[in-house]
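Colleague: This is the content of model_18.txt (compact mmCIF, N, CA and C atoms):
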```
# COMPACT_ATOMS: atom_id res chain seq x y z
N MET A 924 -35.34 -28.58 -54.54
CA MET A 924 -36.61 -28.10 -54.04
C MET A 924 -37.44 -27.66 -55.24
N SER A 925 -38.69 -27.99 -55.25
CA SER A 925 -39.54 -27.66 -56.37
C SER A 925 -40.57 -26.61 -55.98
N LYS A 926 -41.32 -26.19 -56.98
CA LYS A 926 -42.36 -25.18 -56.81
C LYS A 926 -43.26 -25.51 -55.62
N GLY A 927 -43.47 -24.53 -54.77
CA GLY A 927 -44.39 -24.71 -53.66
C GLY A 927 -43.78 -25.31 -52.42
N ASP A 928 -42.52 -25.77 -52.52
CA ASP A 928 -41.87 -26.35 -51.34
C ASP A 928 -41.57 -25.25 -50.33
N THR A 929 -41.67 -25.57 -49.08
CA THR A 929 -41.28 -24.65 -48.03
C THR A 929 -40.33 -25.34 -47.09
N HIS A 930 -39.57 -24.56 -46.37
CA HIS A 930 -38.65 -25.10 -45.40
C HIS A 930 -39.30 -25.06 -44.03
N LYS A 931 -38.99 -26.05 -43.20
CA LYS A 931 -39.51 -26.06 -41.84
C LYS A 931 -38.74 -25.04 -41.01
N LEU A 932 -39.43 -24.37 -40.16
CA LEU A 932 -38.85 -23.32 -39.34
C LEU A 932 -38.17 -23.92 -38.12
N ASN A 933 -36.91 -23.61 -37.95
CA ASN A 933 -36.13 -24.02 -36.79
C ASN A 933 -35.86 -22.76 -35.98
N VAL A 934 -36.40 -22.67 -34.80
CA VAL A 934 -36.37 -21.44 -34.01
C VAL A 934 -34.99 -21.07 -33.49
N MET A 935 -34.15 -22.02 -33.16
CA MET A 935 -32.86 -21.70 -32.54
C MET A 935 -31.99 -20.76 -33.39
N PRO A 936 -31.79 -21.01 -34.71
CA PRO A 936 -30.99 -20.05 -35.47
C PRO A 936 -31.60 -18.65 -35.49
N LEU A 937 -32.92 -18.57 -35.45
CA LEU A 937 -33.57 -17.26 -35.43
C LEU A 937 -33.22 -16.50 -34.16
N LEU A 938 -33.13 -17.21 -33.06
CA LEU A 938 -32.78 -16.57 -31.80
C LEU A 938 -31.34 -16.08 -31.83
N THR A 939 -30.43 -16.86 -32.42
CA THR A 939 -29.03 -16.45 -32.47
C THR A 939 -28.83 -15.28 -33.42
N LEU A 940 -29.72 -15.11 -34.38
CA LEU A 940 -29.66 -13.97 -35.29
C LEU A 940 -30.31 -12.73 -34.69
N GLY A 941 -30.88 -12.85 -33.51
CA GLY A 941 -31.60 -11.73 -32.93
C GLY A 941 -32.97 -11.56 -33.54
N LEU A 942 -33.57 -12.65 -34.00
CA LEU A 942 -34.87 -12.61 -34.66
C LEU A 942 -35.90 -13.46 -33.93
N PRO A 943 -36.03 -13.33 -32.59
CA PRO A 943 -36.95 -14.22 -31.86
C PRO A 943 -38.40 -14.05 -32.27
N HIS A 944 -38.77 -12.87 -32.74
CA HIS A 944 -40.16 -12.63 -33.11
C HIS A 944 -40.58 -13.45 -34.32
N LEU A 945 -39.63 -13.97 -35.11
CA LEU A 945 -40.00 -14.77 -36.27
C LEU A 945 -40.58 -16.12 -35.87
N ALA A 946 -40.30 -16.54 -34.67
CA ALA A 946 -40.85 -17.82 -34.21
C ALA A 946 -42.37 -17.77 -34.17
N VAL A 947 -42.94 -16.59 -34.04
CA VAL A 947 -44.40 -16.45 -34.01
C VAL A 947 -44.90 -15.61 -35.19
N MET A 948 -44.05 -15.42 -36.16
CA MET A 948 -44.40 -14.59 -37.31
C MET A 948 -45.55 -15.23 -38.10
N THR A 949 -46.53 -14.45 -38.47
CA THR A 949 -47.67 -14.99 -39.18
C THR A 949 -47.61 -14.68 -40.67
N ASN A 950 -46.83 -13.70 -41.10
CA ASN A 950 -46.70 -13.39 -42.51
C ASN A 950 -45.79 -14.40 -43.20
N THR A 951 -46.23 -14.86 -44.34
CA THR A 951 -45.42 -15.78 -45.13
C THR A 951 -44.30 -15.01 -45.82
N ILE A 952 -43.13 -15.61 -45.85
CA ILE A 952 -42.01 -15.05 -46.59
C ILE A 952 -42.03 -15.71 -47.96
N THR A 953 -42.08 -14.91 -49.01
CA THR A 953 -42.09 -15.43 -50.37
C THR A 953 -40.88 -14.87 -51.11
N VAL A 954 -40.14 -15.76 -51.76
CA VAL A 954 -38.97 -15.37 -52.55
C VAL A 954 -39.29 -15.62 -54.01
N TYR A 955 -39.25 -14.56 -54.80
CA TYR A 955 -39.45 -14.64 -56.24
C TYR A 955 -38.05 -14.75 -56.85
N GLU A 956 -37.83 -15.83 -57.60
CA GLU A 956 -36.48 -16.15 -58.00
C GLU A 956 -36.41 -16.86 -59.34
N LYS A 957 -35.16 -17.04 -59.78
CA LYS A 957 -34.81 -17.93 -60.88
C LYS A 957 -33.82 -18.91 -60.28
N PRO A 958 -34.14 -20.20 -60.20
CA PRO A 958 -33.30 -21.16 -59.48
C PRO A 958 -31.85 -21.23 -59.94
N THR A 959 -31.56 -20.87 -61.18
CA THR A 959 -30.18 -20.93 -61.66
C THR A 959 -29.38 -19.68 -61.30
N CYS A 960 -30.03 -18.70 -60.71
CA CYS A 960 -29.38 -17.44 -60.31
C CYS A 960 -28.51 -17.70 -59.08
N THR A 961 -27.25 -17.30 -59.16
CA THR A 961 -26.32 -17.51 -58.04
C THR A 961 -26.79 -16.79 -56.78
N THR A 962 -27.24 -15.56 -56.91
CA THR A 962 -27.70 -14.81 -55.74
C THR A 962 -28.93 -15.48 -55.13
N CYS A 963 -29.82 -16.00 -55.96
CA CYS A 963 -31.00 -16.71 -55.45
C CYS A 963 -30.59 -17.96 -54.68
N ARG A 964 -29.62 -18.69 -55.22
CA ARG A 964 -29.14 -19.89 -54.52
C ARG A 964 -28.47 -19.52 -53.20
N ASN A 965 -27.71 -18.42 -53.19
CA ASN A 965 -27.06 -17.98 -51.95
C ASN A 965 -28.09 -17.56 -50.90
N LEU A 966 -29.17 -16.91 -51.33
CA LEU A 966 -30.23 -16.54 -50.39
C LEU A 966 -30.89 -17.79 -49.83
N SER A 967 -31.14 -18.76 -50.67
CA SER A 967 -31.75 -20.02 -50.22
C SER A 967 -30.86 -20.68 -49.17
N LYS A 968 -29.57 -20.69 -49.41
CA LYS A 968 -28.61 -21.28 -48.46
C LYS A 968 -28.63 -20.50 -47.14
N LEU A 969 -28.65 -19.17 -47.21
CA LEU A 969 -28.70 -18.34 -46.01
C LEU A 969 -29.95 -18.64 -45.19
N PHE A 970 -31.09 -18.72 -45.84
CA PHE A 970 -32.34 -19.02 -45.14
C PHE A 970 -32.30 -20.43 -44.54
N LEU A 971 -31.81 -21.39 -45.30
CA LEU A 971 -31.73 -22.77 -44.79
C LEU A 971 -30.82 -22.85 -43.56
N GLU A 972 -29.66 -22.21 -43.64
CA GLU A 972 -28.71 -22.24 -42.53
C GLU A 972 -29.27 -21.60 -41.27
N ASN A 973 -30.21 -20.68 -41.44
CA ASN A 973 -30.77 -19.97 -40.30
C ASN A 973 -32.18 -20.42 -39.96
N GLY A 974 -32.63 -21.51 -40.56
CA GLY A 974 -33.93 -22.07 -40.21
C GLY A 974 -35.10 -21.18 -40.56
N ILE A 975 -34.95 -20.38 -41.58
CA ILE A 975 -36.02 -19.46 -41.97
C ILE A 975 -36.88 -20.13 -43.03
N GLY A 976 -38.14 -20.32 -42.70
CA GLY A 976 -39.08 -20.94 -43.63
C GLY A 976 -39.59 -19.93 -44.63
N TYR A 977 -39.78 -20.37 -45.87
CA TYR A 977 -40.26 -19.47 -46.91
C TYR A 977 -40.83 -20.26 -48.07
N ASP A 978 -41.57 -19.56 -48.91
CA ASP A 978 -42.09 -20.13 -50.15
C ASP A 978 -41.25 -19.59 -51.30
N LYS A 979 -41.00 -20.45 -52.28
CA LYS A 979 -40.26 -20.05 -53.48
C LYS A 979 -41.22 -19.94 -54.65
N VAL A 980 -41.03 -18.91 -55.46
CA VAL A 980 -41.79 -18.78 -56.70
C VAL A 980 -40.78 -18.56 -57.83
N ASN A 981 -40.70 -19.52 -58.73
CA ASN A 981 -39.87 -19.37 -59.92
C ASN A 981 -40.74 -18.63 -60.93
N TYR A 982 -40.48 -17.35 -61.12
CA TYR A 982 -41.36 -16.55 -61.95
C TYR A 982 -41.17 -16.80 -63.45
N PHE A 983 -40.29 -17.72 -63.80
CA PHE A 983 -40.20 -18.17 -65.19
C PHE A 983 -41.19 -19.30 -65.44
N ILE A 984 -41.54 -20.04 -64.39
CA ILE A 984 -42.53 -21.11 -64.49
C ILE A 984 -43.92 -20.60 -64.12
N GLU A 985 -43.98 -19.74 -63.09
CA GLU A 985 -45.23 -19.11 -62.67
C GLU A 985 -45.12 -17.62 -62.96
N PRO A 986 -45.38 -17.23 -64.21
CA PRO A 986 -45.15 -15.84 -64.62
C PRO A 986 -45.99 -14.83 -63.83
N PHE A 987 -45.40 -13.66 -63.66
CA PHE A 987 -46.12 -12.55 -63.05
C PHE A 987 -47.22 -12.06 -63.98
N THR A 988 -48.31 -11.59 -63.39
CA THR A 988 -49.25 -10.78 -64.15
C THR A 988 -48.78 -9.34 -63.96
N GLU A 989 -49.24 -8.46 -64.80
CA GLU A 989 -48.87 -7.06 -64.66
C GLU A 989 -49.33 -6.52 -63.31
N LYS A 990 -50.52 -6.89 -62.90
CA LYS A 990 -51.08 -6.41 -61.63
C LYS A 990 -50.24 -6.89 -60.45
N LYS A 991 -49.90 -8.18 -60.44
CA LYS A 991 -49.11 -8.75 -59.33
C LYS A 991 -47.72 -8.13 -59.28
N LEU A 992 -47.06 -8.01 -60.42
CA LEU A 992 -45.71 -7.45 -60.45
C LEU A 992 -45.71 -5.99 -60.02
N ALA A 993 -46.67 -5.21 -60.49
CA ALA A 993 -46.75 -3.81 -60.10
C ALA A 993 -46.96 -3.68 -58.59
N ALA A 994 -47.83 -4.50 -58.01
CA ALA A 994 -48.08 -4.45 -56.57
C ALA A 994 -46.84 -4.87 -55.78
N LEU A 995 -46.16 -5.92 -56.24
CA LEU A 995 -44.96 -6.39 -55.56
C LEU A 995 -43.87 -5.32 -55.58
N LEU A 996 -43.62 -4.74 -56.74
CA LEU A 996 -42.55 -3.75 -56.84
C LEU A 996 -42.89 -2.45 -56.11
N LYS A 997 -44.16 -2.14 -56.01
CA LYS A 997 -44.57 -0.98 -55.22
C LYS A 997 -44.16 -1.16 -53.76
N LYS A 998 -44.24 -2.40 -53.27
CA LYS A 998 -43.87 -2.69 -51.88
C LYS A 998 -42.38 -2.46 -51.63
N THR A 999 -41.56 -2.51 -52.67
CA THR A 999 -40.12 -2.28 -52.49
C THR A 999 -39.79 -0.80 -52.34
N GLY A 1000 -40.66 0.06 -52.86
CA GLY A 1000 -40.39 1.49 -52.84
C GLY A 1000 -39.33 1.92 -53.85
N MET A 1001 -38.92 1.01 -54.72
CA MET A 1001 -37.89 1.32 -55.71
C MET A 1001 -38.50 1.85 -57.00
N ARG A 1002 -37.72 2.65 -57.73
CA ARG A 1002 -38.11 3.03 -59.09
C ARG A 1002 -38.08 1.77 -59.94
N LEU A 1003 -39.05 1.59 -60.80
CA LEU A 1003 -39.11 0.39 -61.61
C LEU A 1003 -37.85 0.21 -62.45
N PHE A 1004 -37.33 1.29 -62.98
CA PHE A 1004 -36.14 1.20 -63.83
C PHE A 1004 -34.94 0.66 -63.04
N ASP A 1005 -34.93 0.87 -61.73
CA ASP A 1005 -33.83 0.40 -60.90
C ASP A 1005 -33.91 -1.10 -60.60
N VAL A 1006 -34.99 -1.74 -60.98
CA VAL A 1006 -35.18 -3.17 -60.75
C VAL A 1006 -34.87 -3.95 -62.03
N LEU A 1007 -34.37 -3.27 -63.04
CA LEU A 1007 -34.12 -3.91 -64.32
C LEU A 1007 -32.69 -4.39 -64.46
N ARG A 1008 -32.55 -5.52 -65.12
CA ARG A 1008 -31.24 -6.06 -65.50
C ARG A 1008 -30.95 -5.51 -66.90
N ARG A 1009 -30.33 -4.35 -66.94
CA ARG A 1009 -30.16 -3.65 -68.21
C ARG A 1009 -29.11 -4.26 -69.13
N ALA A 1010 -28.29 -5.17 -68.62
CA ALA A 1010 -27.28 -5.83 -69.46
C ALA A 1010 -27.84 -7.08 -70.17
N GLU A 1011 -29.04 -7.49 -69.81
CA GLU A 1011 -29.66 -8.65 -70.44
C GLU A 1011 -30.00 -8.35 -71.90
N PRO A 1012 -29.76 -9.30 -72.80
CA PRO A 1012 -30.12 -9.09 -74.21
C PRO A 1012 -31.60 -8.72 -74.41
N ASP A 1013 -32.48 -9.30 -73.59
CA ASP A 1013 -33.91 -8.99 -73.71
C ASP A 1013 -34.23 -7.54 -73.36
N PHE A 1014 -33.35 -6.88 -72.63
CA PHE A 1014 -33.60 -5.48 -72.28
C PHE A 1014 -33.70 -4.63 -73.55
N LYS A 1015 -32.82 -4.87 -74.49
CA LYS A 1015 -32.88 -4.12 -75.76
C LYS A 1015 -34.16 -4.43 -76.51
N LEU A 1016 -34.56 -5.70 -76.48
CA LEU A 1016 -35.81 -6.09 -77.15
C LEU A 1016 -37.03 -5.43 -76.52
N ALA A 1017 -36.95 -5.17 -75.22
CA ALA A 1017 -38.08 -4.60 -74.50
C ALA A 1017 -38.42 -3.19 -74.97
N GLY A 1018 -37.43 -2.47 -75.48
CA GLY A 1018 -37.69 -1.13 -76.02
C GLY A 1018 -38.06 -0.09 -74.98
N ILE A 1019 -37.53 -0.22 -73.77
CA ILE A 1019 -37.82 0.75 -72.72
C ILE A 1019 -36.53 1.46 -72.31
N ASP A 1020 -36.70 2.61 -71.68
CA ASP A 1020 -35.56 3.34 -71.14
C ASP A 1020 -35.99 4.05 -69.87
N LYS A 1021 -35.07 4.83 -69.29
CA LYS A 1021 -35.36 5.45 -68.00
C LYS A 1021 -36.52 6.43 -68.04
N ASN A 1022 -36.92 6.85 -69.22
CA ASN A 1022 -38.04 7.79 -69.35
C ASN A 1022 -39.36 7.11 -69.70
N SER A 1023 -39.34 5.79 -69.82
CA SER A 1023 -40.57 5.06 -70.16
C SER A 1023 -41.56 5.12 -69.01
N PRO A 1024 -42.84 5.24 -69.33
CA PRO A 1024 -43.87 5.23 -68.28
C PRO A 1024 -43.86 3.89 -67.54
N ASP A 1025 -44.22 3.92 -66.26
CA ASP A 1025 -44.23 2.71 -65.44
C ASP A 1025 -45.04 1.59 -66.08
N ARG A 1026 -46.16 1.93 -66.67
CA ARG A 1026 -47.02 0.92 -67.30
C ARG A 1026 -46.26 0.15 -68.38
N GLU A 1027 -45.46 0.86 -69.18
CA GLU A 1027 -44.68 0.21 -70.25
C GLU A 1027 -43.56 -0.64 -69.67
N VAL A 1028 -42.96 -0.18 -68.58
CA VAL A 1028 -41.88 -0.94 -67.94
C VAL A 1028 -42.44 -2.24 -67.37
N ILE A 1029 -43.58 -2.17 -66.70
CA ILE A 1029 -44.21 -3.38 -66.14
C ILE A 1029 -44.57 -4.35 -67.26
N THR A 1030 -45.15 -3.86 -68.34
CA THR A 1030 -45.50 -4.71 -69.48
C THR A 1030 -44.26 -5.42 -70.02
N ALA A 1031 -43.16 -4.68 -70.15
CA ALA A 1031 -41.92 -5.27 -70.66
C ALA A 1031 -41.37 -6.32 -69.69
N MET A 1032 -41.47 -6.05 -68.39
CA MET A 1032 -40.97 -7.00 -67.40
C MET A 1032 -41.75 -8.31 -67.43
N VAL A 1033 -43.04 -8.22 -67.63
CA VAL A 1033 -43.87 -9.43 -67.71
C VAL A 1033 -43.55 -10.19 -68.99
N LYS A 1034 -43.36 -9.48 -70.09
CA LYS A 1034 -43.07 -10.12 -71.37
C LYS A 1034 -41.66 -10.73 -71.38
N TYR A 1035 -40.70 -10.04 -70.73
CA TYR A 1035 -39.30 -10.48 -70.70
C TYR A 1035 -38.85 -10.62 -69.24
N PRO A 1036 -39.23 -11.69 -68.56
CA PRO A 1036 -38.90 -11.82 -67.13
C PRO A 1036 -37.40 -11.85 -66.84
N SER A 1037 -36.58 -12.13 -67.83
CA SER A 1037 -35.13 -12.15 -67.60
C SER A 1037 -34.58 -10.77 -67.26
N ILE A 1038 -35.34 -9.72 -67.52
CA ILE A 1038 -34.85 -8.36 -67.23
C ILE A 1038 -35.18 -7.91 -65.80
N ILE A 1039 -35.84 -8.78 -65.02
CA ILE A 1039 -36.19 -8.44 -63.64
C ILE A 1039 -35.04 -8.85 -62.72
N GLN A 1040 -34.55 -7.90 -61.91
CA GLN A 1040 -33.53 -8.23 -60.91
C GLN A 1040 -34.13 -9.23 -59.92
N ARG A 1041 -33.28 -10.05 -59.36
CA ARG A 1041 -33.73 -11.08 -58.44
C ARG A 1041 -32.64 -11.37 -57.41
N PRO A 1042 -33.01 -11.97 -56.32
CA PRO A 1042 -34.34 -12.37 -55.85
C PRO A 1042 -35.09 -11.19 -55.22
N ILE A 1043 -36.39 -11.28 -55.25
CA ILE A 1043 -37.25 -10.31 -54.58
C ILE A 1043 -37.93 -11.06 -53.44
N VAL A 1044 -37.83 -10.51 -52.23
CA VAL A 1044 -38.39 -11.14 -51.04
C VAL A 1044 -39.57 -10.31 -50.57
N GLU A 1045 -40.70 -10.98 -50.34
CA GLU A 1045 -41.93 -10.31 -49.91
C GLU A 1045 -42.38 -10.88 -48.57
N VAL A 1046 -42.71 -9.97 -47.66
CA VAL A 1046 -43.27 -10.33 -46.36
C VAL A 1046 -44.41 -9.36 -46.09
N GLY A 1047 -45.63 -9.86 -46.15
CA GLY A 1047 -46.78 -9.00 -45.91
C GLY A 1047 -46.81 -7.81 -46.85
N GLY A 1048 -46.86 -6.62 -46.28
CA GLY A 1048 -46.94 -5.40 -47.08
C GLY A 1048 -45.60 -4.81 -47.46
N ARG A 1049 -44.53 -5.58 -47.26
CA ARG A 1049 -43.19 -5.07 -47.59
C ARG A 1049 -42.46 -6.05 -48.50
N ALA A 1050 -41.53 -5.52 -49.29
CA ALA A 1050 -40.72 -6.36 -50.16
C ALA A 1050 -39.37 -5.67 -50.36
N VAL A 1051 -38.38 -6.48 -50.75
CA VAL A 1051 -37.04 -5.95 -50.97
C VAL A 1051 -36.37 -6.74 -52.10
N LEU A 1052 -35.60 -6.03 -52.90
CA LEU A 1052 -34.70 -6.69 -53.84
C LEU A 1052 -33.50 -7.11 -53.01
N ALA A 1053 -33.30 -8.40 -52.87
CA ALA A 1053 -32.29 -8.93 -51.94
C ALA A 1053 -30.90 -8.97 -52.60
N ARG A 1054 -30.39 -7.82 -52.91
CA ARG A 1054 -29.04 -7.63 -53.44
C ARG A 1054 -28.43 -6.51 -52.63
N PRO A 1055 -27.54 -6.82 -51.71
CA PRO A 1055 -27.05 -8.13 -51.31
C PRO A 1055 -28.11 -8.91 -50.52
N ILE A 1056 -27.87 -10.21 -50.37
CA ILE A 1056 -28.87 -11.08 -49.77
C ILE A 1056 -29.18 -10.71 -48.32
N GLN A 1057 -28.28 -10.03 -47.63
CA GLN A 1057 -28.53 -9.62 -46.24
C GLN A 1057 -29.72 -8.68 -46.14
N LYS A 1058 -30.08 -8.02 -47.23
CA LYS A 1058 -31.26 -7.15 -47.22
C LYS A 1058 -32.52 -7.94 -46.87
N ALA A 1059 -32.53 -9.22 -47.21
CA ALA A 1059 -33.68 -10.06 -46.88
C ALA A 1059 -33.80 -10.24 -45.37
N LEU A 1060 -32.66 -10.40 -44.69
CA LEU A 1060 -32.69 -10.52 -43.22
C LEU A 1060 -33.18 -9.22 -42.59
N ASP A 1061 -32.75 -8.08 -43.14
CA ASP A 1061 -33.20 -6.79 -42.63
C ASP A 1061 -34.72 -6.66 -42.76
N LEU A 1062 -35.27 -7.17 -43.84
CA LEU A 1062 -36.72 -7.11 -44.08
C LEU A 1062 -37.49 -7.91 -43.04
N ILE A 1063 -36.97 -9.08 -42.67
CA ILE A 1063 -37.74 -9.96 -41.79
C ILE A 1063 -37.46 -9.75 -40.31
N LYS A 1064 -36.58 -8.82 -39.99
CA LYS A 1064 -36.29 -8.52 -38.58
C LYS A 1064 -37.47 -7.87 -37.92
```
Mind converting the file's structure to structure tokens?
Modeller:
Amino acid sequence: MSKGDTHKLNVMPLLTLGLPHLAVMTNTITVYEKPTCTTCRNLSKLFLENGIGYDKVNYFIEPFTEKKLAALLKKTGMRLFDVLRRAEPDFKLAGIDKNSPDREVITAMVKYPSIIQRPIVEVGGRAVLARPIQKALDLIK
């Protein structure tokens, strides 16, 4: 699947999941991901198996702007530092820590996208870091 591809919505799996309202859902589900990420691939498989349509954004090909990333992460309600992959080599290069101002953390995340936890699922005014991937189902219920 390439950039901009969406899956067709199959209503029957949504009904068996207890998600009948998704058949008439008007908000687009967007998954911000890195296609080589195992968790991202598992989320894609979960959505496919359940007929959940969504848009994919590979944020390494379509980079975040600081404004877009800040708005997206605000929807999660998480501390920015908690969305970081601190074991990534780029994290050290970013020069941030738990006491860094949000503005500096966002700037570092845009400059070094590998330090952003993934996948992030957005539906309307809400978003979730889908770790574990079942959190994405909770978001769209």
Colleague: Using atom C of Ser1023 of chain A and atom CA of Leu1003 of chain A as the two end points, give the distance in Å to one decimal.
Modeller: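 Between these atoms lies a distance of 9.1 Å.
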Colleague: To test your reading of the structure, identify every residue in segment 934-1046 of chain A that backbone DSSP assigns to strand (DSSP E or B), and report it as a list in words.
Modeller: Ile952, Thr953, Val954, Tyr955, Glu956, Asp978, Lys979, Val980, Asn981, Leu1007, Ile1039, Ile1043, Val1044, Glu1045 and Val1046 of chain A
Colleague: Show which residues sit within 8 Å of Ala1031 of chain A, as a ChimeraX atom specification. Count only N, CA and C atoms, and ignore same-chain residues fewer than 6 positions away.
Modeller: /A:1016-1019,1025,1037-1039
Colleague: Give the centre and edge lengths of an axis-aligned box, in Å to one decimal, that holds all listed atoms of segment 966-984 of chain A with 6 Å on each side, as JSON.
Modeller:
```
{"center_x": -36.3, "center_y": -19.7, "center_z": -52.7, "size_x": 27.3, "size_y": 18.3, "size_z": 37.5}
```
Colleague: Env of Leu1052 of chain A: 6.5 Å cut, atoms = only N, CA and C atoms, seq-sep filter 6 positions within chain, self excluded. Answer as an MDAnalysis selection string.
Modeller: chainID A and resid 999 1041:1044 1058:1059
Colleague: Can you measure atom C of Ala994 of chain A to atom N of Thr1030 of chain A for me? One decimal in Å is fine.
Modeller: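 Calculated distance between atom C of Ala994 of chain A and atom N of Thr1030 of chain A is 12.7 Å.
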Colleague: Could you tell me how far atom CA of Lys957 of chain A lies from atom CA of Arg1054 of chain A, in Å and to one decimal?
Modeller: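 Answer for the atom CA of Lys957 of chain A to atom CA of Arg1054 of chain A separation: 14.0 Å.
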Colleague: Any chance you could export segment 980-1026 of chain A with C-alpha atoms, as a CSV table (one decimal), in the first residue's frame?
Modeller:
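The new file decode24.csv reads:
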```csv
chain,number,residue,atom,x,y,z
A,980,VAL,CA,0.8,8.9,6.5
A,981,ASN,CA,4.4,7.8,6.4
A,982,TYR,CA,5.8,10.8,8.3
A,983,PHE,CA,9.3,10.0,7.0
A,984,ILE,CA,8.1,10.8,3.4
A,985,GLU,CA,5.5,13.4,4.4
A,986,PRO,CA,7.3,15.1,7.3
A,987,PHE,CA,5.4,16.8,10.1
A,988,THR,CA,5.5,20.6,10.5
A,989,GLU,CA,6.0,21.8,14.0
A,990,LYS,CA,2.4,23.1,14.0
A,991,LYS,CA,0.9,19.9,12.8
A,992,LEU,CA,2.8,17.7,15.2
A,993,ALA,CA,2.1,19.9,18.2
A,994,ALA,CA,-1.6,19.9,17.3
A,995,LEU,CA,-1.7,16.1,16.8
A,996,LEU,CA,0.2,15.3,20.0
A,997,LYS,CA,-2.1,17.7,22.0
A,998,LYS,CA,-5.0,15.5,20.9
A,999,THR,CA,-3.4,12.5,22.6
A,1000,GLY,CA,-3.2,14.3,26.0
A,1001,MET,CA,0.2,12.8,26.6
A,1002,ARG,CA,3.3,14.6,27.8
A,1003,LEU,CA,5.6,15.2,24.8
A,1004,PHE,CA,8.5,13.5,26.5
A,1005,ASP,CA,6.4,10.3,26.8
A,1006,VAL,CA,6.0,10.1,23.0
A,1007,LEU,CA,9.7,9.9,22.5
A,1008,ARG,CA,11.7,6.8,21.5
A,1009,ARG,CA,14.6,7.6,23.9
A,1010,ALA,CA,16.7,4.5,22.9
A,1011,GLU,CA,17.0,5.8,19.3
A,1012,PRO,CA,20.5,7.1,18.4
A,1013,ASP,CA,18.9,10.3,17.1
A,1014,PHE,CA,17.5,11.0,20.6
A,1015,LYS,CA,21.0,11.8,21.9
A,1016,LEU,CA,21.6,14.1,18.8
A,1017,ALA,CA,18.4,15.9,19.5
A,1018,GLY,CA,19.8,17.3,22.8
A,1019,ILE,CA,16.6,17.2,24.7
A,1020,ASP,CA,15.6,15.8,28.1
A,1021,LYS,CA,12.6,15.6,30.4
A,1022,ASN,CA,13.0,19.2,31.4
A,1023,SER,CA,13.2,20.6,27.9
A,1024,PRO,CA,10.4,23.1,26.9
A,1025,ASP,CA,7.7,21.6,24.7
A,1026,ARG,CA,8.7,23.9,21.9
```
